[in-house]
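J.: Next comes the structure file my_file-v2.pdb, holding PDB, C-alpha atoms, pLDDT in the B column.
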MODEL        1
ATOM      1  CA  MET A  25      93.585  36.223-123.670  1.00 52.00           C
ATOM      2  CA  LYS A  26      94.241  32.527-124.150  1.00 67.00           C
ATOM      3  CA  TYR A  27      97.289  31.307-126.061  1.00 62.00           C
ATOM      4  CA  SER A  28      95.285  29.839-128.963  1.00 76.00           C
ATOM      5  CA  GLU A  29      93.200  33.011-129.244  1.00 81.00           C
ATOM      6  CA  LYS A  30      96.329  35.174-129.352  1.00 82.00           C
ATOM      7  CA  ILE A  31      97.865  33.033-132.105  1.00 83.00           C
ATOM      8  CA  SER A  32      94.654  32.894-134.139  1.00 85.00           C
ATOM      9  CA  ASN A  33      94.308  36.698-133.873  1.00 86.00           C
ATOM     10  CA  LYS A  34      97.825  37.135-135.254  1.00 87.00           C
ATOM     11  CA  LEU A  35      97.154  34.621-138.023  1.00 91.00           C
ATOM     12  CA  ASN A  36      93.911  36.438-138.876  1.00 90.00           C
ATOM     13  CA  GLU A  37      95.909  39.681-139.233  1.00 88.00           C
ATOM     14  CA  LEU A  38      98.185  37.938-141.726  1.00 91.00           C
ATOM     15  CA  LEU A  39      95.191  36.395-143.463  1.00 93.00           C
ATOM     16  CA  VAL A  40      93.683  39.845-144.079  1.00 90.00           C
ATOM     17  CA  LYS A  41      97.049  41.101-145.392  1.00 88.00           C
ATOM     18  CA  ASN A  42      97.169  38.194-147.830  1.00 92.00           C
ATOM     19  CA  TYR A  43      93.611  38.902-149.020  1.00 90.00           C
ATOM     20  CA  ASP A  44      94.691  42.520-149.566  1.00 87.00           C
ATOM     21  CA  ALA A  45      97.834  41.489-151.447  1.00 88.00           C
ATOM     22  CA  GLU A  46      95.916  39.069-153.670  1.00 91.00           C
ATOM     23  CA  LYS A  47      93.342  41.736-154.552  1.00 87.00           C
ATOM     24  CA  GLY A  48      96.109  44.286-155.108  1.00 86.00           C
ATOM     25  CA  TYR A  49      97.880  42.004-157.560  1.00 89.00           C
ATOM     26  CA  MET A  50      94.629  41.271-159.382  1.00 89.00           C
ATOM     27  CA  ASN A  51      94.074  45.025-159.636  1.00 84.00           C
ATOM     28  CA  ALA A  52      97.630  45.499-160.936  1.00 85.00           C
ATOM     29  CA  ILE A  53      96.982  42.985-163.734  1.00 88.00           C
ATOM     30  CA  ASN A  54      94.259  45.284-165.061  1.00 84.00           C
ATOM     31  CA  ASN A  55      96.546  48.331-164.977  1.00 81.00           C
ATOM     32  CA  VAL A  56      99.547  47.108-166.965  1.00 84.00           C
ATOM     33  CA  ASP A  57     100.009  46.369-170.652  1.00 86.00           C
ATOM     34  CA  SER A  58     103.041  44.103-170.494  1.00 85.00           C
ATOM     35  CA  ASP A  59     102.154  40.415-170.766  1.00 90.00           C
ATOM     36  CA  ARG A  60     105.238  39.588-168.675  1.00 85.00           C
ATOM     37  CA  LEU A  61     104.050  41.841-165.869  1.00 85.00           C
ATOM     38  CA  LYS A  62     100.501  40.503-166.118  1.00 90.00           C
ATOM     39  CA  MET A  63     101.861  36.966-165.726  1.00 91.00           C
ATOM     40  CA  PHE A  64     104.126  38.018-162.872  1.00 88.00           C
ATOM     41  CA  PHE A  65     101.229  39.675-161.006  1.00 90.00           C
ATOM     42  CA  LYS A  66      98.996  36.672-161.692  1.00 95.00           C
ATOM     43  CA  ARG A  67     101.570  34.347-160.095  1.00 93.00           C
ATOM     44  CA  ARG A  68     101.852  36.650-157.074  1.00 92.00           C
ATOM     45  CA  ALA A  69      98.042  36.778-156.689  1.00 95.00           C
ATOM     46  CA  SER A  70      97.832  32.993-156.903  1.00 97.00           C
ATOM     47  CA  GLU A  71     100.597  32.621-154.338  1.00 96.00           C
ATOM     48  CA  ARG A  72      98.828  34.981-151.929  1.00 95.00           C
ATOM     49  CA  SER A  73      95.593  33.052-152.408  1.00 96.00           C
ATOM     50  CA  GLU A  74      97.455  29.879-151.451  1.00 97.00           C
ATOM     51  CA  PHE A  75      98.941  31.612-148.380  1.00 97.00           C
ATOM     52  CA  ALA A  76      95.425  32.627-147.338  1.00 95.00           C
ATOM     53  CA  LYS A  77      94.165  29.036-147.658  1.00 96.00           C
ATOM     54  CA  GLU A  78      97.046  27.773-145.519  1.00 96.00           C
ATOM     55  CA  LEU A  79      96.440  30.425-142.860  1.00 95.00           C
ATOM     56  CA  ARG A  80      92.693  29.701-142.832  1.00 94.00           C
ATOM     57  CA  THR A  81      93.459  26.032-142.206  1.00 93.00           C
ATOM     58  CA  GLU A  82      95.723  26.884-139.259  1.00 91.00           C
ATOM     59  CA  ILE A  83      93.145  29.257-137.752  1.00 91.00           C
ATOM     60  CA  LEU A  84      90.436  26.608-138.032  1.00 90.00           C
ATOM     61  CA  GLN A  85      92.709  24.101-136.293  1.00 86.00           C
ATOM     62  CA  TYR A  86      92.694  26.440-133.294  1.00 81.00           C
ATOM     63  CA  GLY A  87      88.904  26.348-133.321  1.00 82.00           C
ATOM     64  CA  LYS A  88      88.637  29.979-134.343  1.00 84.00           C
ATOM     65  CA  ILE A  89      86.815  31.681-137.216  1.00 85.00           C
ATOM     66  CA  PRO A  90      89.019  33.008-140.037  1.00 89.00           C
ATOM     67  CA  GLU A  91      88.402  36.477-141.451  1.00 83.00           C
ATOM     68  CA  ASP A  92      86.727  36.378-144.837  1.00 79.00           C
ATOM     69  CA  SER A  93      87.791  39.629-146.509  1.00 67.00           C
ATOM     70  CA  GLY A  94      90.502  42.229-146.760  1.00 55.00           C
ATOM     71  CA  SER A  95      90.934  45.437-144.811  1.00 54.00           C
ATOM     72  CA  PHE A  96      89.773  48.996-145.399  1.00 53.00           C
ATOM     73  CA  LYS A  97      93.429  50.038-145.544  1.00 58.00           C
ATOM     74  CA  GLY A  98      94.057  47.467-148.288  1.00 50.00           C
ATOM     75  CA  THR A  99      91.120  48.792-150.288  1.00 55.00           C
ATOM     76  CA  MET A 100      92.475  52.308-149.963  1.00 53.00           C
ATOM     77  CA  HIS A 101      95.926  51.176-151.138  1.00 51.00           C
ATOM     78  CA  ARG A 102      94.429  49.491-154.214  1.00 47.00           C
ATOM     79  CA  ASN A 103      92.435  52.628-154.986  1.00 51.00           C
ATOM     80  CA  TRP A 104      95.606  54.691-154.660  1.00 46.00           C
ATOM     81  CA  MET A 105      97.414  52.302-157.032  1.00 53.00           C
ATOM     82  CA  SER A 106      94.603  52.730-159.585  1.00 51.00           C
ATOM     83  CA  LEU A 107      94.611  56.503-159.255  1.00 43.00           C
ATOM     84  CA  LYS A 108      98.386  56.682-159.420  1.00 50.00           C
ATOM     85  CA  SER A 109      98.493  54.482-162.534  1.00 50.00           C
ATOM     86  CA  THR A 110      95.874  56.691-164.199  1.00 44.00           C
ATOM     87  CA  PHE A 111      97.959  59.846-163.787  1.00 41.00           C
ATOM     88  CA  SER A 112     101.433  58.376-164.110  1.00 51.00           C
ATOM     89  CA  SER A 113     103.302  58.626-167.402  1.00 46.00           C
ATOM     90  CA  ASN A 114     104.992  55.287-166.779  1.00 52.00           C
ATOM     91  CA  ASN A 115     102.243  53.429-164.942  1.00 74.00           C
ATOM     92  CA  GLU A 116     103.992  50.056-164.948  1.00 80.00           C
ATOM     93  CA  GLU A 117     106.909  51.483-162.976  1.00 79.00           C
ATOM     94  CA  ALA A 118     104.538  53.198-160.521  1.00 79.00           C
ATOM     95  CA  ILE A 119     102.525  50.002-160.054  1.00 81.00           C
ATOM     96  CA  LEU A 120     105.689  47.987-159.455  1.00 82.00           C
ATOM     97  CA  GLU A 121     106.841  50.539-156.879  1.00 83.00           C
ATOM     98  CA  GLU A 122     103.525  50.204-155.067  1.00 81.00           C
ATOM     99  CA  ALA A 123     103.700  46.404-155.253  1.00 83.00           C
ATOM    100  CA  ILE A 124     107.176  46.480-153.716  1.00 86.00           C
ATOM    101  CA  ARG A 125     105.977  48.831-150.982  1.00 85.00           C
ATOM    102  CA  GLY A 126     103.076  46.510-150.206  1.00 85.00           C
ATOM    103  CA  GLU A 127     105.302  43.432-150.129  1.00 89.00           C
ATOM    104  CA  GLU A 128     107.779  45.148-147.827  1.00 90.00           C
ATOM    105  CA  ALA A 129     104.915  45.976-145.440  1.00 89.00           C
ATOM    106  CA  SER A 130     103.820  42.310-145.554  1.00 89.00           C
ATOM    107  CA  LEU A 131     107.364  41.207-144.843  1.00 92.00           C
ATOM    108  CA  GLU A 132     107.429  43.439-141.751  1.00 91.00           C
ATOM    109  CA  GLU A 133     104.164  41.876-140.542  1.00 89.00           C
ATOM    110  CA  TYR A 134     105.573  38.370-140.941  1.00 94.00           C
ATOM    111  CA  ASN A 135     108.804  39.363-139.186  1.00 94.00           C
ATOM    112  CA  GLU A 136     106.841  40.809-136.249  1.00 91.00           C
ATOM    113  CA  ILE A 137     104.822  37.639-135.773  1.00 90.00           C
ATOM    114  CA  LEU A 138     107.888  35.430-136.184  1.00 92.00           C
ATOM    115  CA  LYS A 139     109.508  37.280-133.257  1.00 90.00           C
ATOM    116  CA  GLU A 140     107.011  35.466-131.032  1.00 80.00           C
ATOM    117  CA  SER A 141     109.067  32.804-129.331  1.00 73.00           C
ATOM    118  CA  ASN A 142     106.097  30.615-128.477  1.00 81.00           C
ATOM    119  CA  LEU A 143     104.692  29.813-131.907  1.00 86.00           C
ATOM    120  CA  PRO A 144     103.989  26.147-132.560  1.00 88.00           C
ATOM    121  CA  PRO A 145     106.578  24.625-134.943  1.00 91.00           C
ATOM    122  CA  THR A 146     104.013  24.039-137.710  1.00 91.00           C
ATOM    123  CA  ILE A 147     102.976  27.692-137.722  1.00 92.00           C
ATOM    124  CA  ASP A 148     106.561  28.875-137.420  1.00 93.00           C
ATOM    125  CA  SER A 149     107.649  26.862-140.474  1.00 95.00           C
ATOM    126  CA  LEU A 150     104.567  27.951-142.470  1.00 96.00           C
ATOM    127  CA  LEU A 151     105.256  31.629-141.726  1.00 96.00           C
ATOM    128  CA  ILE A 152     108.945  31.269-142.601  1.00 97.00           C
ATOM    129  CA  LYS A 153     107.958  29.671-145.917  1.00 97.00           C
ATOM    130  CA  HIS A 154     105.585  32.582-146.650  1.00 97.00           C
ATOM    131  CA  LYS A 155     108.157  35.157-145.555  1.00 97.00           C
ATOM    132  CA  ASN A 156     110.865  33.684-147.791  1.00 97.00           C
ATOM    133  CA  SER A 157     108.485  33.653-150.733  1.00 95.00           C
ATOM    134  CA  ILE A 158     107.542  37.297-150.128  1.00 94.00           C
ATOM    135  CA  GLN A 159     111.228  38.252-149.932  1.00 94.00           C
ATOM    136  CA  SER A 160     111.817  36.443-153.218  1.00 92.00           C
ATOM    137  CA  ALA A 161     108.886  38.343-154.773  1.00 88.00           C
ATOM    138  CA  ILE A 162     110.352  41.650-153.568  1.00 89.00           C
ATOM    139  CA  ASN A 163     113.675  40.778-155.171  1.00 89.00           C
ATOM    140  CA  SER A 164     111.920  39.818-158.436  1.00 83.00           C
ATOM    141  CA  GLU A 165     109.815  42.976-158.408  1.00 79.00           C
ATOM    142  CA  LYS A 166     112.912  45.117-157.968  1.00 76.00           C
ATOM    143  CA  VAL A 167     114.484  43.413-161.000  1.00 75.00           C
ATOM    144  CA  HIS A 168     111.283  43.998-163.004  1.00 70.00           C
ATOM    145  CA  GLU A 169     111.270  47.624-161.871  1.00 68.00           C
ATOM    146  CA  GLU A 170     114.808  48.077-163.176  1.00 70.00           C
ATOM    147  CA  LEU A 171     113.701  46.622-166.515  1.00 65.00           C
ATOM    148  CA  VAL A 172     110.748  48.990-166.968  1.00 63.00           C
ATOM    149  CA  SER A 173     112.434  52.173-165.706  1.00 61.00           C
TER     150      SER A 173
ENDMDL
END
The structure given in the file should be rewritten as structure tokens.
T.:
Amino acid sequence: MKYSEKISNKLNELLVKNYDAEKGYMNAINNVDSDRLKMFFKRRASERSEFAKELRTEILQYGKIPEDSGSFKGTMHRNWMSLKSTFSSNNEEAILEEAIRGEEASLEEYNEILKESNLPPTIDSLLIKHKNSIQSAINSEKVHEELVS
């Protein structure tokens, strides 16, 4: 496998994760009553959409084709979030817990790719920016979770 193909494959994996996260946050908006949480989830969805655009641009620069949708696993997670919120007595807390779990999984994905020592500096800095933003979102979500529990 060529270097550019290997990098674009890894970026496509992240791209799919960001599609999944964006859709998950949009789904969460429909399952909470709190306007503050709706706004919070809307900002997260918008941020993930922006991440996806940036990753698509990088993939195209390597002459590869970016993925155009999320994963089956992501769809299943969103369905689980919907089901869990339906049966949970405090659905906002349950949805926040799931959002945190999803963000922590994304953070692990970014950390794995950043372990690659041969990433071009532009990709490395882009991924670090995304990773830091995801970590910040996790911290914010944990604060929100404390407020609703």
J.: Given the file shown, determine the residues that the PyMOL selection byres ((chain A and resi 33) around 12) selects; report them as a ChimeraX atom specification.
T.: /A:25-32,34-40,79-80,82-84,86-91,137
J.: Suppose a student applies the PyMOL selection byres ((chain A and resi 64) around 10) to this structure; what residues should they get, written as JSON, numbers by chain?
T.: {"A": [49, 53, 58, 59, 60, 61, 62, 63, 65, 66, 67, 68, 69, 161, 164, 165, 168]}
J.: Around all listed atoms of stretch 156-159 of chain A, padded 4 Å per side, what centre and edge lengths does the axis-aligned box have in Å to one decimal, as lines of an AutoDock Vina configuration file?
T.:
center_x = 109.4
center_y = 36.0
center_z = -149.3
size_x = 11.7
size_y = 12.6
size_z = 10.9
J.: Quick check, in Å to one decimal: how far apart do atom CA of A:Glu127 and atom CA of A:Lys166 lie?
T.: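 Spanning atom CA of A:Glu127 to atom CA of A:Lys166 is a straight-line distance of 11.1 Å.
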J.: Can you work out which one of A:Ser149, A:Asn42, A:Ser73, A:Ser160 has the shortest atom-to-atom distance to A:Glu133, counting all atoms listed in the file?
T.: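 For A:Glu133, the nearest of the given residues is A:Asn42.
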J.: Just checking: using only C-alpha atoms, which residue out of A:His154, A:Asn54, A:Ile119, A:Ile124 ends up closest to A:Phe75?
T.: A:His154
J.: Quote the spacing between atom CA of A:Ala52 and atom CA of A:Asn115 in Å to one decimal place.
T.: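 One can read the atom CA of A:Ala52 to atom CA of A:Asn115 distance as 10.0 Å.
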J.: Write out as JSON, numbers by chain each polymer residue whose atoms come within 9 Å of A:Ser130, counting all atoms listed in the file; drop sequence neighbours fewer than 5 positions from it.
T.: {"A": [38, 41, 42, 45, 125, 135, 155, 158]}
J.: When you draw a straight line from atom CA of A:Ser141 to atom CA of A:Lys153, how long is it in Å?
T.: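 Separation of atom CA of A:Ser141 and atom CA of A:Lys153: 16.9 Å.
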J.: Measuring atom to atom with only C-alpha atoms, identify which of A:Ile147, A:Asp57, A:Ala76, A:Ile162 is nearest to A:Glu122.
T.: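 Smallest distance to A:Glu122 is found for A:Ile162.
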J.: So, counting all atoms listed in the file, which residue among A:Ser70, A:Thr146, A:Asn163, A:Thr81 is closest to A:Ala123?
T.: A:Asn163
